[in-house]
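Structure file entry_8.txt with compact mmCIF, C-alpha atoms:
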```
# COMPACT_ATOMS: atom_id res chain seq x y z
CA LEU O 268 51.09 34.98 -0.85
CA SER O 269 51.15 38.58 -2.11
CA THR O 270 48.29 39.99 -4.13
CA PHE O 271 50.72 40.43 -7.04
CA TYR O 272 51.04 36.67 -7.56
CA ILE O 273 47.33 36.14 -7.04
CA GLU O 274 46.46 38.82 -9.60
CA VAL O 275 48.86 37.32 -12.15
CA LEU O 276 47.36 33.85 -11.66
CA ASN O 277 43.82 35.22 -11.89
CA GLY O 278 44.64 37.16 -15.04
CA ALA O 279 46.36 34.21 -16.68
CA SER O 280 43.46 31.91 -15.78
CA ALA O 281 40.88 34.31 -17.18
CA GLU O 282 42.78 34.76 -20.44
CA ALA O 283 43.31 31.00 -20.76
CA LEU O 284 39.56 30.42 -20.43
CA THR O 285 38.86 33.08 -23.06
CA LEU O 286 41.25 31.36 -25.47
CA LYS O 287 39.94 27.90 -24.46
CA HIS O 288 43.39 26.93 -23.24
CA LEU O 289 44.30 24.90 -20.18
CA LEU O 290 46.48 26.66 -17.61
CA VAL O 291 48.74 24.37 -15.56
CA VAL O 292 50.57 25.68 -12.49
CA VAL O 293 53.95 23.98 -11.97
CA PRO O 294 56.45 24.73 -9.17
CA GLY O 295 59.81 25.82 -10.51
CA THR O 296 61.59 23.27 -8.33
CA ALA O 297 59.54 20.31 -9.58
CA PRO O 298 61.57 17.21 -10.58
CA ARG O 299 61.86 16.74 -14.32
CA GLN O 300 59.65 13.65 -14.35
CA ASP O 301 56.78 15.76 -13.00
CA PHE O 302 56.49 17.87 -16.15
CA THR O 303 58.07 16.00 -19.06
CA GLY O 304 54.76 14.25 -19.74
CA LEU O 305 52.68 17.42 -19.70
CA PRO O 306 51.35 18.60 -23.10
CA VAL O 307 52.71 22.12 -22.52
CA ASP O 308 53.32 24.32 -25.56
CA ALA O 309 54.38 27.53 -23.77
CA ALA O 310 55.06 28.87 -20.29
CA VAL O 311 55.13 31.97 -18.11
CA VAL O 312 57.74 31.85 -15.34
CA MET O 313 57.43 34.17 -12.36
CA ASP O 314 60.53 35.60 -10.65
CA PRO O 315 62.98 33.09 -12.13
CA PHE O 316 66.26 32.46 -10.31
CA GLY O 317 68.74 29.66 -9.74
CA SER O 318 68.29 26.34 -11.51
CA GLN O 319 65.46 26.46 -14.03
CA ARG O 320 64.88 22.83 -14.95
CA PHE O 321 61.40 23.42 -16.30
CA THR O 322 62.51 26.43 -18.33
CA GLU O 323 65.60 24.62 -19.64
CA PHE O 324 63.41 21.68 -20.69
CA LEU O 325 61.03 23.94 -22.63
CA HIS O 326 63.95 25.86 -24.13
CA ARG O 327 65.41 22.63 -25.51
CA GLU O 328 61.99 21.72 -26.87
CA SER O 329 61.79 25.14 -28.62
CA LYS O 330 58.72 26.11 -26.62
CA PRO O 331 58.23 29.87 -26.02
CA VAL O 332 58.84 31.00 -22.44
CA VAL O 333 58.04 34.43 -21.00
CA ALA O 334 59.55 35.58 -17.70
CA ILE O 335 57.91 37.95 -15.24
CA GLY O 336 61.07 39.38 -13.73
CA HIS O 337 64.39 38.69 -15.43
CA HIS O 338 66.83 35.92 -14.58
CA LEU O 339 70.07 37.56 -13.43
CA GLN O 340 72.36 34.76 -14.62
CA GLU O 341 70.58 33.22 -17.62
CA PRO O 342 68.35 35.80 -19.34
CA THR O 343 68.73 34.07 -22.71
CA LEU O 344 66.58 31.15 -21.52
CA PHE O 345 63.52 33.33 -22.06
CA ASP O 346 61.99 34.56 -25.28
CA ALA O 347 60.57 37.69 -23.64
CA THR O 348 60.59 39.36 -20.23
CA VAL O 349 57.94 41.46 -18.52
CA ASP O 350 59.40 43.52 -15.71
CA SER O 351 58.51 46.29 -13.28
CA ASP O 352 59.95 49.79 -13.60
CA PHE O 353 61.69 49.82 -10.23
CA ASP O 354 63.19 53.26 -10.85
CA ALA O 355 59.64 54.61 -11.07
CA VAL O 356 58.56 52.54 -8.05
CA ILE O 357 61.32 53.94 -5.86
CA ALA O 358 60.83 57.48 -7.16
CA THR O 359 57.12 57.27 -6.32
CA CYS O 360 57.82 55.91 -2.84
CA MET O 361 60.51 58.46 -2.04
CA GLY O 362 58.40 61.29 -3.41
CA HIS O 363 55.41 60.17 -1.33
CA LEU O 364 57.53 60.11 1.83
CA SER O 365 59.30 63.38 1.03
CA ASP O 366 55.97 65.16 0.53
CA ARG O 367 55.10 64.13 4.08
CA GLY O 368 58.32 65.44 5.56
CA TYR O 369 60.42 62.28 5.78
CA ARG O 370 64.07 62.76 4.84
CA ARG O 371 65.85 59.49 5.72
CA PRO O 372 63.83 56.54 4.38
CA ALA O 373 65.39 53.09 4.73
CA LEU O 374 64.79 50.17 2.38
CA MET O 375 64.06 46.94 4.25
CA LEU O 376 63.96 43.61 2.46
CA GLY O 377 64.67 39.96 3.01
CA PRO O 378 67.00 37.52 1.24
CA SER O 379 66.03 36.53 -2.29
CA GLU O 380 67.79 35.48 -5.46
CA ALA O 381 65.02 36.91 -7.62
CA SER O 382 65.81 39.95 -9.76
CA TYR O 383 63.35 42.24 -8.01
CA ARG O 384 65.60 42.46 -4.94
CA HIS O 385 68.65 43.36 -7.01
CA ASP O 386 66.69 45.92 -9.03
CA LEU O 387 65.05 47.54 -6.00
CA VAL O 388 68.38 48.00 -4.24
CA ALA O 389 69.98 49.41 -7.40
CA ALA O 390 67.07 51.84 -7.94
CA TYR O 391 67.10 52.92 -4.30
CA LYS O 392 70.87 53.53 -4.30
CA ALA O 393 70.63 55.46 -7.58
CA TRP O 394 67.85 57.67 -6.19
CA CYS O 395 69.86 58.35 -3.03
CA ALA O 396 72.97 59.20 -5.05
CA SER O 397 71.08 61.62 -7.30
CA HIS O 398 69.57 63.35 -4.25
CA ARG O 399 72.82 63.33 -2.23
CA GLN O 400 71.24 61.15 0.39
CA ARG O 401 72.95 58.37 2.28
CA PRO O 402 71.27 55.00 1.59
CA ILE O 403 70.07 52.96 4.56
CA ILE O 404 69.46 49.32 3.67
CA ALA O 405 68.21 46.83 6.24
CA ASP O 406 68.79 43.19 5.33
CA MET O 407 66.45 40.88 7.19
CA ASP O 408 67.45 37.38 8.23
CA GLY O 409 64.19 36.11 6.75
CA THR O 410 61.04 37.32 5.07
CA ALA O 411 58.58 36.77 7.90
CA TYR O 412 56.94 39.14 10.34
CA VAL O 413 59.35 38.32 13.19
CA ALA O 414 62.44 38.99 11.04
CA ALA O 415 61.01 42.38 10.05
CA THR O 416 60.29 43.26 13.67
CA GLN O 417 63.88 42.51 14.67
CA ALA O 418 65.33 44.35 11.67
CA THR O 419 63.32 47.45 12.57
CA ILE O 420 64.46 47.29 16.20
CA ASP O 421 68.05 47.16 14.92
CA LEU O 422 67.41 50.12 12.63
CA LEU O 423 65.97 52.28 15.39
CA GLY O 424 68.20 51.08 18.21
CA PRO O 425 70.36 53.45 20.29
CA ARG O 426 73.63 52.08 18.88
CA ARG O 427 72.83 53.17 15.34
CA LYS O 428 74.35 56.52 14.37
CA THR O 429 72.01 57.25 11.48
CA ARG O 430 68.43 56.26 12.15
CA PRO O 431 65.79 56.35 9.42
CA ASP O 432 62.63 58.36 9.84
CA ALA O 433 60.73 56.12 7.41
CA ILE O 434 60.83 52.52 6.21
CA ILE O 435 60.03 51.21 2.74
CA ALA O 436 59.00 47.60 3.34
CA VAL O 437 59.11 45.26 0.36
CA SER O 438 56.27 43.02 1.55
CA GLY O 439 53.13 43.48 3.55
CA GLU O 440 54.39 41.23 6.34
CA THR O 441 57.55 43.32 6.51
CA GLY O 442 55.49 46.45 6.96
CA LEU O 443 53.44 44.88 9.73
CA GLY O 444 56.66 43.81 11.48
CA ALA O 445 57.95 47.38 11.28
CA LEU O 446 54.74 48.67 12.86
CA GLN O 447 55.02 46.15 15.68
CA ALA O 448 58.63 47.11 16.37
CA ALA O 449 57.69 50.79 16.48
CA ARG O 450 55.00 50.01 19.05
CA ASP O 451 57.46 47.97 21.13
CA LEU O 452 59.97 50.83 21.10
CA GLY O 453 57.41 53.54 21.78
CA VAL O 454 58.08 55.19 18.42
CA ASP O 455 55.11 57.18 17.15
CA VAL O 456 53.81 56.28 13.69
CA PRO O 457 53.49 58.39 11.60
CA GLY O 458 54.84 61.20 13.82
CA GLN O 459 58.36 59.80 14.28
CA LEU O 460 58.37 57.03 11.70
CA GLY O 461 56.62 56.51 8.38
CA VAL O 462 55.98 52.97 7.12
CA LEU O 463 55.29 52.23 3.46
CA THR O 464 54.86 48.79 1.89
CA LEU O 465 55.25 47.89 -1.78
CA THR O 466 52.85 44.96 -1.90
CA SER O 467 49.58 44.04 -0.26
CA THR O 468 48.29 40.88 1.36
CA ALA O 469 45.02 40.20 3.13
CA ALA O 470 46.76 41.11 6.40
CA THR O 471 48.06 44.45 5.15
CA LEU O 472 44.75 45.35 3.54
CA ALA O 473 43.18 44.88 6.96
CA ALA O 474 46.02 46.87 8.55
CA GLN O 475 45.12 49.88 6.42
CA LEU O 476 42.01 50.17 8.55
CA ALA O 477 44.00 50.07 11.79
CA SER O 478 45.68 52.95 13.59
CA PRO O 479 48.35 53.68 12.58
CA SER O 480 47.71 52.40 9.08
CA LEU O 481 50.11 51.21 6.40
CA THR O 482 50.61 53.23 3.24
```
Show me the file's structure as structure tokens.
Amino acid sequence: LSTFYIEVLNGASAEALTLKHLLVVVPGTAPRQDFTGLPVDAAVVMDPFGSQRFTEFLHRESKPVVAIGHHLQEPTLFDATVDSDFDAVIATCMGHLSDRGYRRPALMLGPSEASYRHDLVAAYKAWCASHRQRPIIADMDGTAYVAATQATIDLLGPRRKTRPDAIIAVSGETGLGALQAARDLGVDVPGQLGVLTLTSTAATLAAQLASPSLT
């Protein structure tokens, strides 16, 4: 679980206690009978995608619902949306890498129906277009460490015409997988390859103390 979700839950819990409210955590895929009896008067939905039975139920009951990350297909289900500025995120990442001499950063991410994936890819492609740079996007077969390791091996393999000199990893596990692949291939980090991750987990926080470290 990324620190982003943990921080949102901690913040919501703290605010609920201050207001003397009860915070209930409900999985978005829960069957309807699991939440219809709950005395819920509002909701915050994180990274909504696909079928939103809980959200649809609250919408019909005229209960306010706020989304963290927009729903690509049904944005009108939500009364308000809080989202990240992915254009700024990508610009910061690319600027950080450029300042360190990297010129061909790849974006590596796993499959997801959540809006953040769509928005990150769009922001990355837009940045590349404005800087006349060819985008390199690595789609992983999964989101785990092993999938990231294999995706990085494919990116840096001898059959690839255009190899990246840096990788922007969406998750901490992805970044750790990229580091492992670089070690397996004998690629020097950060001399031949830079690795940057967008989110932190306990594992990646520990990896910042290792050599080479994650940015």
* Asked: In Å, how far is it from CA of Glu341 in chain O to CA of Leu290 in chain O?
  ->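 According to the coordinates, CA of Glu341 in chain O and CA of Leu290 in chain O are separated by 25.0 Å.
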* Using all atoms listed in the file, determine which residues lie at most 7 Å from Met313 in chain O, disregarding the query and same-chain residues fewer than 4 positions distant; provide the list as an MDAnalysis selection string. => chainID O and resid 334:336
* Asked: What gap, in Å, lies between CA of Val293 in chain O and CA of Val307 in chain O?
  ->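 Separation between CA of Val293 in chain O and CA of Val307 in chain O: 10.8 Å.
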* Would you mind reading off the distance between CA of Asp308 in chain O and CA of Arg320 in chain O, one decimal, in Å? => 15.8 Å
* Asked: What lies within 8 Å of range 386-389 of chain O using only C-alpha atoms, ignoring chain neighbours under 2 positions off, as JSON, numbers by chain?
  -> {"O": [353, 354, 357, 374, 382, 383, 384, 391, 392, 393]}
* To do: May I have the residues within 9 Å of range 460-465 of chain O as a ChimeraX atom specification, using all atoms listed in the file and disregarding those fewer than 2 positions away in the same chain?
  => /O:356,360,364,367,369,372,431-443,445-446,449,454-458,467,471,480-482
C-alpha atoms of the current selection, written as an mmCIF file, in the frame of the given file:
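This is the output file selection26.cif:
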```cif
data_model
loop_
_atom_site.group_PDB
_atom_site.id
_atom_site.type_symbol
_atom_site.label_atom_id
_atom_site.label_comp_id
_atom_site.auth_asym_id
_atom_site.auth_seq_id
_atom_site.Cartn_x
_atom_site.Cartn_y
_atom_site.Cartn_z
ATOM 1 C CA VAL O 356 58.560 52.540 -8.050
ATOM 2 C CA CYS O 360 57.820 55.910 -2.840
ATOM 3 C CA LEU O 364 57.530 60.110 1.830
ATOM 4 C CA ARG O 367 55.100 64.130 4.080
ATOM 5 C CA TYR O 369 60.420 62.280 5.780
ATOM 6 C CA PRO O 372 63.830 56.540 4.380
ATOM 7 C CA PRO O 431 65.790 56.350 9.420
ATOM 8 C CA ASP O 432 62.630 58.360 9.840
ATOM 9 C CA ALA O 433 60.730 56.120 7.410
ATOM 10 C CA ILE O 434 60.830 52.520 6.210
ATOM 11 C CA ILE O 435 60.030 51.210 2.740
ATOM 12 C CA ALA O 436 59.000 47.600 3.340
ATOM 13 C CA VAL O 437 59.110 45.260 0.360
ATOM 14 C CA SER O 438 56.270 43.020 1.550
ATOM 15 C CA GLY O 439 53.130 43.480 3.550
ATOM 16 C CA GLU O 440 54.390 41.230 6.340
ATOM 17 C CA THR O 441 57.550 43.320 6.510
ATOM 18 C CA GLY O 442 55.490 46.450 6.960
ATOM 19 C CA LEU O 443 53.440 44.880 9.730
ATOM 20 C CA ALA O 445 57.950 47.380 11.280
ATOM 21 C CA LEU O 446 54.740 48.670 12.860
ATOM 22 C CA ALA O 449 57.690 50.790 16.480
ATOM 23 C CA VAL O 454 58.080 55.190 18.420
ATOM 24 C CA ASP O 455 55.110 57.180 17.150
ATOM 25 C CA VAL O 456 53.810 56.280 13.690
ATOM 26 C CA PRO O 457 53.490 58.390 11.600
ATOM 27 C CA GLY O 458 54.840 61.200 13.820
ATOM 28 C CA SER O 467 49.580 44.040 -0.260
ATOM 29 C CA THR O 471 48.060 44.450 5.150
ATOM 30 C CA SER O 480 47.710 52.400 9.080
ATOM 31 C CA LEU O 481 50.110 51.210 6.400
ATOM 32 C CA THR O 482 50.610 53.230 3.240
#
```
* Structure fact -> Of O:Ala310, O:Leu339, O:Val332, O:Ala448, the one sitting nearest Gln417 in chain O when using all atoms listed in the file is O:Ala448
* Asked: Nearest to Asp451 in chain O: which of O:His288, O:Thr419, O:Arg430, O:Leu276 is it, counting only C-alpha atoms?
  -> O:Thr419
* To do: Name the closest residue to Arg401 in chain O among the candidates O:Leu325, O:Ala415, O:Ala373, O:Ala283; distances are taken between atoms, counting all atoms listed in the file.
  =>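 Nearest to Arg401 in chain O: O:Ala373.
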* Asked: Hey, which of O:Ala281, O:Ala309, O:Ile273, O:Ala390 ends up closest to Ala347 in chain O? Count all atoms listed in the file.
  ->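 Looking at the shortest contact to Ala347 in chain O, the residue is O:Ala309.
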* **Selection near Ser280 in chain O, 12 Å with only C-alpha atoms, sequence-local residues under 5 positions removed, as a ChimeraX atom specification** => /O:273-275,285-292,311
* **Counting all atoms listed in the file, the residue of O:Thr359, O:Ile404, O:Leu305, O:Pro294 that sits nearest Thr429 in chain O** => O:Ile404
